[in-house]
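A.B. asks: Contents of start.cif (mmCIF, C-alpha atoms) are given next:
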```
data_model
loop_
_atom_site.label_atom_id
_atom_site.label_comp_id
_atom_site.auth_asym_id
_atom_site.auth_seq_id
_atom_site.Cartn_x
_atom_site.Cartn_y
_atom_site.Cartn_z
CA MET A 1169 0.00 0.00 0.00
CA GLU A 1170 1.26 3.45 -0.88
CA ARG A 1171 0.42 6.85 0.51
CA LEU A 1172 1.52 9.97 -1.36
CA ASP A 1173 3.52 7.58 -3.55
CA GLU A 1174 5.54 6.43 -0.55
CA PRO A 1175 5.21 2.75 0.31
CA LEU A 1176 3.23 2.51 3.53
CA PHE A 1177 3.52 -1.22 4.03
CA SER A 1178 4.23 -4.22 1.85
CA ASP A 1179 4.54 -8.00 2.14
CA LEU A 1180 1.78 -7.99 4.69
CA SER A 1181 -0.14 -11.22 5.03
CA PHE A 1182 -2.35 -12.45 7.83
CA VAL A 1183 -5.39 -14.59 8.54
CA VAL A 1184 -7.94 -13.97 11.26
CA ASP A 1185 -9.85 -17.07 12.36
CA ALA A 1186 -13.32 -17.27 13.89
CA GLY A 1187 -13.19 -16.59 17.60
CA ARG A 1188 -9.98 -14.60 17.30
CA ALA A 1189 -9.20 -10.93 17.35
CA LEU A 1190 -6.33 -9.18 15.64
CA ARG A 1191 -4.97 -6.13 17.38
CA LEU A 1192 -3.06 -3.78 15.10
CA SER A 1193 -0.52 -1.64 16.81
CA GLY A 1194 2.10 0.75 15.55
CA ARG A 1195 3.14 4.35 15.85
CA ASN A 1196 0.86 7.18 14.69
CA GLY A 1197 0.86 7.32 10.91
CA ALA A 1198 1.99 3.70 10.50
CA GLY A 1199 -1.09 2.98 8.39
CA LYS A 1200 -3.39 1.24 10.88
CA THR A 1201 -6.52 3.07 9.73
CA THR A 1202 -5.53 2.64 6.08
CA LEU A 1203 -5.19 -1.10 6.63
CA LEU A 1204 -8.62 -1.24 8.30
CA ARG A 1205 -10.18 0.65 5.39
CA ILE A 1206 -8.57 -1.79 2.97
CA LEU A 1207 -10.03 -4.68 4.98
CA CYS A 1208 -13.48 -3.04 4.76
CA GLY A 1209 -13.13 -2.59 1.02
CA LEU A 1210 -13.40 1.20 1.30
CA THR A 1211 -9.87 1.78 0.00
CA PRO A 1212 -8.53 -0.46 -2.75
CA PRO A 1213 -5.03 -1.78 -1.98
CA THR A 1214 -2.21 -0.85 -4.37
CA ALA A 1215 -1.40 -4.53 -4.72
CA GLY A 1216 -2.70 -7.73 -3.19
CA ASP A 1217 -6.16 -8.78 -2.15
CA VAL A 1218 -8.44 -9.25 0.82
CA ARG A 1219 -10.35 -12.50 1.17
CA TRP A 1220 -13.47 -13.24 3.17
CA CYS A 1221 -14.19 -16.96 3.78
CA GLY A 1222 -11.60 -17.73 1.11
CA GLU A 1223 -13.20 -15.59 -1.58
CA ALA A 1224 -11.85 -12.33 -2.95
CA LEU A 1225 -13.69 -9.36 -1.45
CA GLN A 1226 -14.90 -7.92 -4.76
CA ARG A 1227 -16.66 -11.17 -5.61
CA CYS A 1228 -18.57 -11.56 -2.36
CA TYR A 1229 -18.94 -7.89 -1.39
CA PRO A 1230 -22.70 -7.87 -0.55
CA ASP A 1231 -22.28 -10.98 1.64
CA PHE A 1232 -19.16 -9.54 3.22
CA VAL A 1233 -20.63 -6.16 4.18
CA ALA A 1234 -23.75 -7.91 5.49
CA ASP A 1235 -21.40 -9.66 7.92
CA LEU A 1236 -19.37 -6.57 8.78
CA CYS A 1237 -19.77 -3.91 11.41
CA TYR A 1238 -17.23 -1.11 11.08
CA VAL A 1239 -16.82 1.60 13.69
CA GLY A 1240 -14.38 4.14 12.35
CA HIS A 1241 -12.59 6.91 14.16
CA VAL A 1242 -15.37 9.35 13.25
CA PRO A 1243 -18.44 8.03 15.05
CA GLY A 1244 -20.72 8.03 11.97
CA LEU A 1245 -23.60 9.68 13.81
CA LYS A 1246 -25.90 12.46 12.66
CA GLY A 1247 -25.54 15.31 15.13
CA ASP A 1248 -29.16 16.37 14.70
CA LEU A 1249 -30.62 12.95 15.37
CA ASN A 1250 -30.81 11.41 18.81
CA PRO A 1251 -29.00 8.13 19.58
CA VAL A 1252 -32.08 5.96 19.04
CA GLU A 1253 -32.84 7.57 15.66
CA ASN A 1254 -29.22 7.12 14.61
CA LEU A 1255 -29.25 3.45 15.54
CA LEU A 1256 -32.58 2.82 13.84
CA PHE A 1257 -31.21 4.32 10.63
CA HIS A 1258 -28.17 2.10 10.87
CA THR A 1259 -30.23 -1.08 11.25
CA ALA A 1260 -32.59 -0.26 8.38
CA GLY A 1261 -32.23 -2.97 5.76
CA ARG A 1262 -29.65 -4.94 7.73
CA ALA A 1263 -30.19 -8.32 9.39
CA ALA A 1264 -31.17 -7.36 12.93
CA SER A 1265 -29.93 -9.16 16.01
CA GLY A 1266 -33.25 -8.56 17.77
CA VAL A 1267 -31.65 -6.27 20.36
CA SER A 1268 -33.57 -3.01 20.61
CA PRO A 1269 -31.64 0.27 20.28
CA GLU A 1270 -32.55 1.14 23.87
CA ALA A 1271 -31.18 -2.18 25.16
CA ALA A 1272 -28.00 -1.75 23.11
CA LEU A 1273 -27.48 1.76 24.49
CA ALA A 1274 -27.97 0.41 28.02
CA ARG A 1275 -25.34 -2.29 27.35
CA VAL A 1276 -22.75 0.32 26.33
CA GLY A 1277 -23.63 2.36 29.39
CA LEU A 1278 -25.31 5.42 27.87
CA PRO A 1279 -27.54 7.02 30.53
CA PRO A 1280 -31.24 6.69 29.53
CA GLU A 1281 -31.76 10.46 29.72
CA CYS A 1282 -29.31 10.87 26.81
CA GLU A 1283 -31.50 8.83 24.47
CA GLU A 1284 -33.58 11.86 23.51
CA THR A 1285 -30.64 14.26 23.20
CA PRO A 1286 -29.34 15.17 19.73
CA CYS A 1287 -25.96 13.47 19.31
CA ARG A 1288 -24.08 16.72 18.79
CA ARG A 1289 -24.85 17.67 22.41
CA LEU A 1290 -23.36 14.42 23.76
CA SER A 1291 -19.76 14.26 24.94
CA ALA A 1292 -17.10 12.56 22.80
CA GLY A 1293 -17.19 9.50 25.05
CA GLN A 1294 -20.96 9.28 24.90
CA GLN A 1295 -20.90 9.57 21.11
CA ARG A 1296 -18.34 6.79 21.00
CA ARG A 1297 -20.68 4.64 23.11
CA VAL A 1298 -23.56 5.27 20.70
CA ALA A 1299 -21.33 4.34 17.75
CA LEU A 1300 -20.27 1.14 19.52
CA ALA A 1301 -23.90 0.26 20.29
CA ARG A 1302 -24.23 -0.46 16.55
CA LEU A 1303 -22.19 -3.62 17.15
CA LEU A 1304 -25.02 -5.11 19.17
CA LEU A 1305 -27.79 -4.38 16.67
CA THR A 1306 -26.58 -6.46 13.75
CA ARG A 1307 -25.57 -10.09 13.52
CA ALA A 1308 -22.24 -9.14 11.93
CA ARG A 1309 -19.56 -11.74 12.54
CA LEU A 1310 -16.68 -9.41 11.71
CA TRP A 1311 -16.12 -6.32 13.80
CA ILE A 1312 -13.61 -3.80 12.51
CA LEU A 1313 -12.95 -1.19 15.15
CA ASP A 1314 -10.70 1.82 14.73
CA GLU A 1315 -9.53 3.06 18.13
CA PRO A 1316 -12.74 1.97 19.91
CA PHE A 1317 -11.42 3.00 23.33
CA THR A 1318 -10.70 6.64 22.46
CA ALA A 1319 -12.52 9.09 24.71
CA LEU A 1320 -13.97 6.26 26.84
CA ASP A 1321 -13.52 6.24 30.60
CA PRO A 1322 -12.17 3.07 32.32
CA GLU A 1323 -15.72 1.87 32.99
CA GLY A 1324 -16.59 2.28 29.30
CA ARG A 1325 -13.41 0.50 28.20
CA GLY A 1326 -14.36 -2.37 30.50
CA ARG A 1327 -17.79 -2.61 28.90
CA VAL A 1328 -16.37 -2.61 25.38
CA GLU A 1329 -13.82 -5.27 26.29
CA ALA A 1330 -16.61 -7.38 27.77
CA LEU A 1331 -18.60 -7.05 24.54
CA LEU A 1332 -15.57 -7.96 22.50
CA GLY A 1333 -14.87 -11.00 24.66
CA GLU A 1334 -18.47 -12.15 24.34
CA HIS A 1335 -18.34 -11.66 20.56
CA LEU A 1336 -15.17 -13.74 20.24
CA ARG A 1337 -16.50 -16.52 22.49
CA GLY A 1338 -19.56 -16.63 20.21
CA GLY A 1339 -17.33 -17.38 17.23
CA GLY A 1340 -17.02 -13.81 15.96
CA LEU A 1341 -13.96 -12.14 14.51
CA ALA A 1342 -12.54 -8.73 15.22
CA VAL A 1343 -9.80 -6.49 13.94
CA VAL A 1344 -9.04 -3.68 16.33
CA THR A 1345 -6.53 -0.86 16.37
CA THR A 1346 -5.74 0.44 19.81
CA HIS A 1347 -2.84 1.48 21.98
CA HIS A 1348 -4.79 0.32 24.99
CA HIS A 1349 -3.76 -3.06 26.39
CA MET A 1350 -6.80 -5.30 26.37
CA GLU A 1351 -7.40 -7.56 29.33
CA LEU A 1352 -8.93 -10.24 27.10
CA GLU A 1353 -7.63 -13.79 27.20
CA SER A 1354 -4.25 -13.57 25.49
CA ASP A 1355 -4.82 -16.69 23.38
CA ARG A 1356 -7.72 -15.00 21.60
CA VAL A 1357 -5.89 -11.83 20.63
CA VAL A 1358 -3.07 -11.79 18.09
CA VAL A 1359 -1.02 -8.61 17.92
CA LEU A 1360 0.30 -7.33 14.60
CA GLU A 1361 2.95 -4.65 14.85
CA LEU A 1362 2.93 -2.30 11.84
CA ASP A 1363 6.32 -0.70 11.71
CA ASP A 1364 7.99 1.10 8.84
CA GLY A 1365 6.92 -0.97 5.91
CA GLN A 1366 6.97 -4.37 7.59
CA MET B 737 -32.82 -9.74 3.45
CA GLY B 738 -34.56 -9.56 0.14
CA ASN B 739 -36.34 -6.77 -1.56
CA SER B 740 -37.96 -5.69 1.69
CA GLY B 741 -34.49 -5.05 3.15
CA LEU B 742 -33.62 -2.83 0.22
CA ALA B 743 -36.94 -1.00 0.38
CA GLY B 744 -36.46 -0.57 4.13
CA MET B 745 -33.02 0.91 3.60
CA LEU B 746 -34.24 3.33 0.90
CA THR B 747 -37.29 4.54 2.85
CA ALA B 748 -35.10 4.95 5.94
CA THR B 749 -32.65 7.07 3.92
CA LEU B 750 -35.45 9.19 2.48
CA ARG B 751 -37.11 9.62 5.86
CA ARG B 752 -33.84 10.45 7.60
CA ASP B 753 -32.87 13.10 5.04
CA LEU B 754 -36.31 14.70 5.22
CA LEU B 755 -36.19 14.67 9.03
CA LEU B 756 -32.74 16.29 8.98
CA ALA B 757 -33.99 18.91 6.52
CA TYR B 758 -36.95 19.57 8.81
CA ARG B 759 -34.63 20.06 11.79
CA HIS B 760 -32.63 22.54 9.71
CA ARG B 761 -35.69 24.18 8.23
CA THR B 762 -34.30 27.71 8.47
CA GLN B 763 -31.65 26.67 5.93
CA LEU B 764 -34.35 25.48 3.53
CA ALA B 765 -35.52 29.03 3.03
CA ASN B 766 -32.11 30.23 1.77
CA PRO B 767 -32.39 29.09 -1.88
CA LEU B 768 -36.01 30.27 -2.00
CA VAL B 769 -35.12 33.73 -0.72
CA PHE B 770 -32.24 33.86 -3.19
CA PHE B 771 -34.56 32.81 -6.03
CA THR B 772 -37.11 35.48 -5.12
CA ILE B 773 -34.50 38.23 -4.74
CA VAL B 774 -32.79 37.51 -8.08
CA VAL B 775 -36.10 37.45 -9.96
CA THR B 776 -37.38 40.64 -8.34
CA LEU B 777 -34.11 42.50 -8.99
CA PHE B 778 -34.53 42.32 -12.76
CA PRO B 779 -37.64 44.54 -13.07
CA LEU B 780 -35.91 47.01 -10.75
CA ALA B 781 -32.67 47.11 -12.72
CA LEU B 782 -34.25 47.01 -16.18
CA ASN B 783 -37.28 48.84 -17.42
CA PRO B 784 -40.47 47.46 -15.75
CA GLU B 785 -42.26 47.67 -19.08
CA PRO B 786 -44.64 44.66 -19.49
CA GLN B 787 -43.39 43.76 -22.95
CA LEU B 788 -39.73 43.71 -21.94
CA LEU B 789 -40.49 41.76 -18.77
CA GLY B 790 -42.44 39.23 -20.78
CA THR B 791 -39.47 38.73 -23.11
CA ILE B 792 -36.90 38.20 -20.38
CA ALA B 793 -39.13 36.35 -17.91
CA PRO B 794 -38.49 32.75 -19.10
CA GLY B 795 -34.73 33.21 -19.03
CA VAL B 796 -34.69 35.10 -15.74
CA VAL B 797 -36.82 32.59 -13.87
CA TRP B 798 -34.83 29.65 -15.18
CA VAL B 799 -31.39 31.17 -14.55
CA ALA B 800 -32.47 32.08 -11.02
CA ALA B 801 -33.85 28.57 -10.45
CA LEU B 802 -30.61 27.06 -11.68
CA LEU B 803 -28.46 29.20 -9.41
CA ALA B 804 -30.77 28.57 -6.46
CA ALA B 805 -30.44 24.80 -7.09
CA MET B 806 -26.63 25.19 -7.09
CA LEU B 807 -26.78 26.82 -3.67
CA SER B 808 -28.22 23.79 -1.94
CA LEU B 809 -26.29 21.10 -3.84
CA GLU B 810 -23.28 20.80 -1.53
CA GLU B 811 -25.44 19.73 1.40
CA MET B 812 -26.45 16.56 -0.43
CA PHE B 813 -23.36 14.60 0.64
CA ARG B 814 -21.13 17.05 2.52
CA SER B 815 -22.39 16.50 6.08
CA ASP B 816 -22.70 12.73 5.55
CA PHE B 817 -19.13 12.67 4.34
CA ASP B 818 -17.84 14.70 7.27
CA ASP B 819 -19.59 12.80 10.06
CA GLY B 820 -18.81 9.33 8.70
CA THR B 821 -22.39 8.26 7.96
CA LEU B 822 -21.54 8.06 4.24
CA GLU B 823 -18.92 5.44 5.08
CA GLN B 824 -21.55 3.42 6.90
CA VAL B 825 -23.96 3.72 3.97
CA ALA B 826 -21.21 2.63 1.56
CA LEU B 827 -20.77 -0.48 3.74
CA SER B 828 -24.40 -1.52 3.41
CA PRO B 829 -25.11 -4.59 1.31
CA TYR B 830 -27.24 -2.69 -1.21
CA PRO B 831 -26.21 -0.82 -4.37
CA LEU B 832 -24.92 2.62 -3.42
CA SER B 833 -26.52 4.03 -6.58
CA LEU B 834 -30.02 3.33 -5.23
CA VAL B 835 -29.18 5.01 -1.93
CA VAL B 836 -27.91 7.98 -3.97
CA LEU B 837 -31.23 8.02 -5.82
CA ALA B 838 -33.11 8.12 -2.49
CA LYS B 839 -30.90 10.98 -1.30
CA VAL B 840 -31.43 12.89 -4.54
CA ALA B 841 -35.19 12.39 -4.20
CA ALA B 842 -35.05 13.81 -0.67
CA HIS B 843 -32.94 16.71 -1.90
CA TRP B 844 -35.38 17.48 -4.71
CA LEU B 845 -38.36 17.35 -2.33
CA VAL B 846 -36.81 19.99 -0.08
CA SER B 847 -35.12 22.18 -2.71
CA GLY B 848 -36.71 21.63 -6.14
CA LEU B 849 -40.33 21.26 -5.19
CA PRO B 850 -40.52 24.58 -3.26
CA LEU B 851 -39.07 26.35 -6.34
CA LEU B 852 -41.79 24.75 -8.41
CA LEU B 853 -44.45 26.15 -6.08
CA LEU B 854 -42.90 29.59 -5.89
CA ALA B 855 -42.18 30.04 -9.61
CA PRO B 856 -45.78 30.74 -10.79
CA LEU B 857 -46.02 33.64 -8.32
CA LEU B 858 -42.80 35.13 -9.64
CA GLY B 859 -44.01 34.47 -13.17
CA VAL B 860 -47.09 36.58 -12.49
CA LEU B 861 -44.78 39.28 -11.17
CA LEU B 862 -42.98 39.25 -14.53
CA ARG B 863 -46.27 39.37 -16.45
CA LEU B 864 -46.20 35.86 -17.88
CA ASP B 865 -49.60 34.82 -19.24
CA THR B 866 -51.48 31.75 -18.05
CA VAL B 867 -50.34 29.43 -20.85
CA ALA B 868 -46.71 30.41 -20.31
CA LEU B 869 -47.12 29.92 -16.55
CA GLY B 870 -48.37 26.38 -17.13
CA THR B 871 -45.39 25.66 -19.36
CA LEU B 872 -43.02 27.20 -16.82
CA VAL B 873 -44.31 24.83 -14.12
CA ALA B 874 -44.09 21.87 -16.53
CA THR B 875 -40.47 22.69 -17.45
CA LEU B 876 -39.55 23.12 -13.78
CA LEU B 877 -41.24 19.82 -12.95
CA LEU B 878 -39.14 18.04 -15.58
CA GLY B 879 -36.00 20.16 -15.21
CA THR B 880 -35.35 20.59 -11.49
CA PRO B 881 -34.96 16.83 -10.82
CA VAL B 882 -32.30 16.84 -13.56
CA LEU B 883 -30.52 19.68 -11.74
CA SER B 884 -30.45 17.60 -8.54
CA LEU B 885 -29.37 14.41 -10.34
CA ILE B 886 -26.54 15.99 -12.33
CA GLY B 887 -25.57 18.03 -9.27
CA ALA B 888 -25.23 14.78 -7.31
CA ILE B 889 -22.43 13.64 -9.64
CA GLY B 890 -20.56 16.92 -9.18
CA VAL B 891 -20.99 16.91 -5.41
CA ALA B 892 -19.93 13.26 -5.18
CA LEU B 893 -16.74 14.09 -7.09
CA THR B 894 -15.85 17.15 -5.03
CA VAL B 895 -17.02 16.08 -1.57
CA GLY B 896 -13.54 14.91 -0.58
CA LEU B 897 -12.04 18.31 -1.35
CA ARG B 898 -12.04 20.98 1.32
CA ARG B 899 -12.79 23.86 -1.06
CA GLY B 900 -14.82 22.26 -3.80
CA GLY B 901 -17.27 25.11 -4.33
CA VAL B 902 -15.92 26.72 -7.49
CA LEU B 903 -14.89 23.40 -8.98
CA LEU B 904 -18.41 22.13 -8.38
CA SER B 905 -19.91 25.02 -10.40
CA LEU B 906 -17.39 24.46 -13.19
CA LEU B 907 -18.26 20.77 -13.35
CA VAL B 908 -22.00 21.10 -13.10
CA LEU B 909 -23.00 24.29 -14.90
CA PRO B 910 -21.96 23.14 -18.40
CA LEU B 911 -24.12 20.06 -17.94
CA TYR B 912 -27.06 22.25 -16.89
CA ILE B 913 -26.97 24.19 -20.17
CA PRO B 914 -29.16 21.84 -22.26
CA VAL B 915 -31.86 21.95 -19.56
CA LEU B 916 -31.66 25.74 -19.47
CA ILE B 917 -31.91 26.08 -23.26
CA PHE B 918 -34.85 23.73 -23.74
CA ALA B 919 -36.74 24.89 -20.66
CA ALA B 920 -36.43 28.62 -21.31
CA GLY B 921 -37.11 27.99 -25.00
CA ALA B 922 -40.31 26.13 -24.18
CA VAL B 923 -41.60 28.97 -22.00
CA SER B 924 -40.76 31.56 -24.70
CA ASN B 925 -42.54 29.44 -27.31
CA ALA B 926 -45.60 29.13 -25.09
CA GLN B 927 -45.65 32.89 -24.73
CA ALA B 928 -45.53 33.31 -28.49
CA GLY B 929 -48.34 30.80 -28.86
CA LEU B 930 -46.13 28.15 -30.48
CA GLU B 931 -45.95 24.40 -29.95
CA VAL B 932 -43.91 23.30 -26.88
CA THR B 933 -44.29 19.51 -26.89
CA GLY B 934 -40.93 19.06 -28.65
CA GLN B 935 -38.98 20.85 -25.94
CA LEU B 936 -40.97 19.18 -23.16
CA ALA B 937 -40.31 15.77 -24.73
CA LEU B 938 -36.59 16.57 -24.87
CA LEU B 939 -36.63 17.66 -21.23
CA GLY B 940 -38.44 14.44 -20.36
CA SER B 941 -35.85 12.35 -22.13
CA ILE B 942 -33.02 14.22 -20.39
CA LEU B 943 -34.78 13.45 -17.11
CA ALA B 944 -35.15 9.76 -18.00
CA LEU B 945 -31.49 9.56 -18.97
CA SER B 946 -30.39 11.30 -15.76
CA VAL B 947 -32.51 9.07 -13.53
CA ALA B 948 -30.97 6.02 -15.17
CA LEU B 949 -27.33 7.09 -15.31
CA ALA B 950 -26.62 9.87 -12.80
CA PRO B 951 -27.02 7.66 -9.67
CA LEU B 952 -24.51 5.15 -11.09
CA ALA B 953 -22.00 7.89 -11.87
CA ALA B 954 -22.53 9.57 -8.50
CA ALA B 955 -22.12 6.26 -6.64
CA ALA B 956 -18.85 5.54 -8.47
CA ALA B 957 -17.66 9.07 -7.70
CA LEU B 958 -18.55 8.66 -4.02
CA ARG B 959 -16.53 5.44 -3.80
CA ILE B 960 -13.54 7.36 -5.23
CA SER B 961 -14.07 10.20 -2.76
CA LEU B 962 -14.28 7.72 0.13
CA SER B 963 -11.13 5.75 -0.75
#
```
Can you dump the structure from the file as structure tokens?
C.D. replies:
Amino acid sequence: MERLDEPLFSDLSFVVDAGRALRLSGRNGAGKTTLLRILCGLTPPTAGDVRWCGEALQRCYPDFVADLCYVGHVPGLKGDLNPVENLLFHTAGRAASGVSPEAALARVGLPPECEETPCRRLSAGQQRRVALARLLLTRARLWILDEPFTALDPEGRGRVEALLGEHLRGGGLAVVTTHHHMELESDRVVVLELDDGQ
Amino acid sequence: MGNSGLAGMLTATLRRDLLLAYRHRTQLANPLVFFTIVVTLFPLALNPEPQLLGTIAPGVVWVAALLAAMLSLEEMFRSDFDDGTLEQVALSPYPLSLVVLAKVAAHWLVSGLPLLLLAPLLGVLLRLDTVALGTLVATLLLGTPVLSLIGAIGVALTVGLRRGGVLLSLLVLPLYIPVLIFAAGAVSNAQAGLEVTGQLALLGSILALSVALAPLAAAAALRISLS
């Protein structure tokens, strides 16, 4: 992958199995977010390919995105809609997990009085919680999370780690970038260090 | 997830965009106020003689409508791009072009339709007769959706740029010219008591072509802007 015609990383190859999480780490600007966007199919790689269940991403894209929940570093929320409205829009047309938006918001620890507040009036941590509540609403097997712990307090980080652990035990996959050390069982998390083109 | 999933996604997009427009309803008035001001400035600057006004009216109303449509274009994808919701929409299992079509429909309902309702009043102000007024509304009905559809391609291409405003006008205005020519021509013809079905049919075919192709082009442009 190149950025501004400079190679960002090359010879990168990895497999994430069901029930496992991959944690990407590396200095700022190492290309963690770029790699996540390549995995989502948002950015085409300069060379190489991404496979989902053994098939190239382009060939199974509708199936792949139906199984994907991506929470990027911008929360992806409409500031003028309240958390419930935002979540309902996100679930429209996607296979629902049967969890109601209110229940999902309770799981990520958003106080019930915030449910009616437009998202732009919520704090950064609260917005992050709303964005992460999306994970609970779909039956996506693959979670791709870009710095999910940013702006969260220790209690919030604990909740997200618990969700992630539950997801992995249920046979889900996750690719996460974070500088935060996760307390999850070490055998479930593989760490990939992205450093200067390696 | 079959057709109902797709329909659910499209109605949710349409409903969300209309709800957002409703919550920003003060902004909705901007293009309308601009449209009214431009049209009313002409009789003040030129001679308010009925015959002159009648001659320039079709062109004035259409140029003003076109510029007013340009004003509201950017909003179609800009805020979605900035807050990351566009990314989420691009990662939905349905064709992005159909979502674009739903967004364009919402945009037309809040920007094109009000122009359509306001134009006859301004036409009366410029002394257009009843037949010409009817034709004006018909051309706006066929033409303003084309403005939104072609605009969507331009906005999709420039949404990733910080200062895309001028570039957007340069990209979009040349493509608006056929609509302007046929629409203003039809209204002039109607005023002169001539046949207008030819121009209306051409406008209709431009609309059909835009509905079919513009969403595909805009979706491809959005994927480039997102990557």
A.B. asks: Using only C-alpha atoms, what does the table of chain A residues within 6 Å of chain B look like, with each row giving the shortest atom pair and its distance in Å to one decimal, sorted by chain and ascending number, as JSON lines?
C.D. replies:
```
{"residue": "A:Leu1210", "atom": "CA", "partner": "B:Ser963", "partner_atom": "CA", "distance": 5.5}
{"residue": "A:Thr1211", "atom": "CA", "partner": "B:Ser963", "partner_atom": "CA", "distance": 4.2}
{"residue": "A:Pro1230", "atom": "CA", "partner": "B:Pro829", "partner_atom": "CA", "distance": 4.5}
{"residue": "A:Val1233", "atom": "CA", "partner": "B:Pro829", "partner_atom": "CA", "distance": 5.5}
{"residue": "A:Ala1234", "atom": "CA", "partner": "B:Pro829", "partner_atom": "CA", "distance": 5.5}
{"residue": "A:Val1242", "atom": "CA", "partner": "B:Gly820", "partner_atom": "CA", "distance": 5.7}
{"residue": "A:Gly1244", "atom": "CA", "partner": "B:Gly820", "partner_atom": "CA", "distance": 4.0}
{"residue": "A:Ala1260", "atom": "CA", "partner": "B:Met745", "partner_atom": "CA", "distance": 4.9}
{"residue": "A:Gly1261", "atom": "CA", "partner": "B:Gly741", "partner_atom": "CA", "distance": 4.0}
```
A.B. asks: Using C-alpha atoms, can you export the residues from the last selection as a PDB file, in the frame of the given file?
C.D. replies:
```pdb
ATOM      1  CA  LEU A1210     -13.400   1.200   1.300  1.00  0.00           C
ATOM      2  CA  THR A1211      -9.870   1.780   0.000  1.00  0.00           C
ATOM      3  CA  PRO A1230     -22.700  -7.870  -0.550  1.00  0.00           C
ATOM      4  CA  VAL A1233     -20.630  -6.160   4.180  1.00  0.00           C
ATOM      5  CA  ALA A1234     -23.750  -7.910   5.490  1.00  0.00           C
ATOM      6  CA  VAL A1242     -15.370   9.350  13.250  1.00  0.00           C
ATOM      7  CA  GLY A1244     -20.720   8.030  11.970  1.00  0.00           C
ATOM      8  CA  ALA A1260     -32.590  -0.260   8.380  1.00  0.00           C
ATOM      9  CA  GLY A1261     -32.230  -2.970   5.760  1.00  0.00           C
TER      10      GLY A1261
END
```
A.B. asks: Would you mind reading off the distance between atom CA of Ala1271 of chain A and atom CA of Thr1346 of chain A, one decimal, in Å?
C.D. replies: 26.1 Å
A.B. asks: Looking at all atoms listed in the file, which of B:Val836, B:Leu853, B:Ile773, B:Leu862 is the one that sits closest to Leu789 of chain B?
C.D. replies: B:Leu862
A.B. asks: When the PyMOL selection byres ((chain B and resi 841-852) around 8) is applied to the file above, which residues end up in the set, as an MDAnalysis selection string?
C.D. replies: chainID B and resid 750 753:754 757 764 767:768 771 801 805 808 812 837:840 853:856 873 876:877 880:881 884
A.B. asks: Given the PyMOL selection byres ((chain B and resi 802) around 9) and the file above, list the residues it selects as a list in words.
C.D. replies: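 Expected selection for the PyMOL selection byres ((chain B and resi 802) around 9) here is Phe771, Val797, Trp798, Val799, Ala800, Ala801, Leu803, Ala804, Ala805, Met806, Leu807, Thr880, Leu883, Leu909, Tyr912 and Leu916 of chain B.
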A.B. asks: Give me, as an MDAnalysis selection string, all polymer residues having an atom no more than 10 Å from segment 1281-1293 of chain A, counting all atoms listed in the file and skipping those fewer than 6 positions away in the same chain.
C.D. replies: chainID A and resid 1243 1245:1254 1269:1270 1273:1274 1299 1317:1321 1324
A.B. asks: Translate the PyMOL selection byres ((chain A and resi 1328) around 9) into a concrete residue list for this structure, as number ranges by chain.
C.D. replies: A: 1276, 1297, 1300, 1316-1317, 1323-1327, 1329-1333
A.B. asks: Please compute the atom CA of Leu1180 of chain A-atom CA of Leu1362 of chain A distance, one decimal, in Å.
C.D. replies: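 Computing the Euclidean distance for atom CA of Leu1180 of chain A and atom CA of Leu1362 of chain A yields 9.2 Å.
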A.B. asks: Take atom CA of Asp1355 of chain A and atom CA of Asp1179 of chain A and report the distance between them in Å, one decimal.
C.D. replies: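 Going from atom CA of Asp1355 of chain A over to atom CA of Asp1179 of chain A, I get 24.8 Å.
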A.B. asks: Taking into account all atoms listed in the file, which residue in the set A:Ala1272, A:Leu1304, A:Ala1189, A:Ile1312 is nearest to Val1239 of chain A?
C.D. replies: A:Ile1312
A.B. asks: Tell me which residues come within 12 Å of (-43.2, 31.4, -25.0), as a tab-separated table (two decimals) with C-alpha atoms, in the frame of the given file, counting only C-alpha atoms in the file's coordinates.
C.D. replies:
```tsv
chain	number	residue	atom	x	y	z
B	790	GLY	CA	-42.44	39.23	-20.78
B	791	THR	CA	-39.47	38.73	-23.11
B	792	ILE	CA	-36.90	38.20	-20.38
B	793	ALA	CA	-39.13	36.35	-17.91
B	794	PRO	CA	-38.49	32.75	-19.10
B	795	GLY	CA	-34.73	33.21	-19.03
B	864	LEU	CA	-46.20	35.86	-17.88
B	865	ASP	CA	-49.60	34.82	-19.24
B	866	THR	CA	-51.48	31.75	-18.05
B	867	VAL	CA	-50.34	29.43	-20.85
B	868	ALA	CA	-46.71	30.41	-20.31
B	869	LEU	CA	-47.12	29.92	-16.55
B	870	GLY	CA	-48.37	26.38	-17.13
B	871	THR	CA	-45.39	25.66	-19.36
B	872	LEU	CA	-43.02	27.20	-16.82
B	875	THR	CA	-40.47	22.69	-17.45
B	918	PHE	CA	-34.85	23.73	-23.74
B	919	ALA	CA	-36.74	24.89	-20.66
B	920	ALA	CA	-36.43	28.62	-21.31
B	921	GLY	CA	-37.11	27.99	-25.00
B	922	ALA	CA	-40.31	26.13	-24.18
B	923	VAL	CA	-41.60	28.97	-22.00
B	924	SER	CA	-40.76	31.56	-24.70
B	925	ASN	CA	-42.54	29.44	-27.31
B	926	ALA	CA	-45.60	29.13	-25.09
B	927	GLN	CA	-45.65	32.89	-24.73
B	928	ALA	CA	-45.53	33.31	-28.49
B	929	GLY	CA	-48.34	30.80	-28.86
B	930	LEU	CA	-46.13	28.15	-30.48
B	931	GLU	CA	-45.95	24.40	-29.95
B	932	VAL	CA	-43.91	23.30	-26.88
B	935	GLN	CA	-38.98	20.85	-25.94
```
A.B. asks: Calculated over all atoms listed in the file, which of the candidates B:Thr772, B:Leu938, B:Glu810, B:Leu780 has the smallest distance to Gly900 of chain B?
C.D. replies: B:Glu810
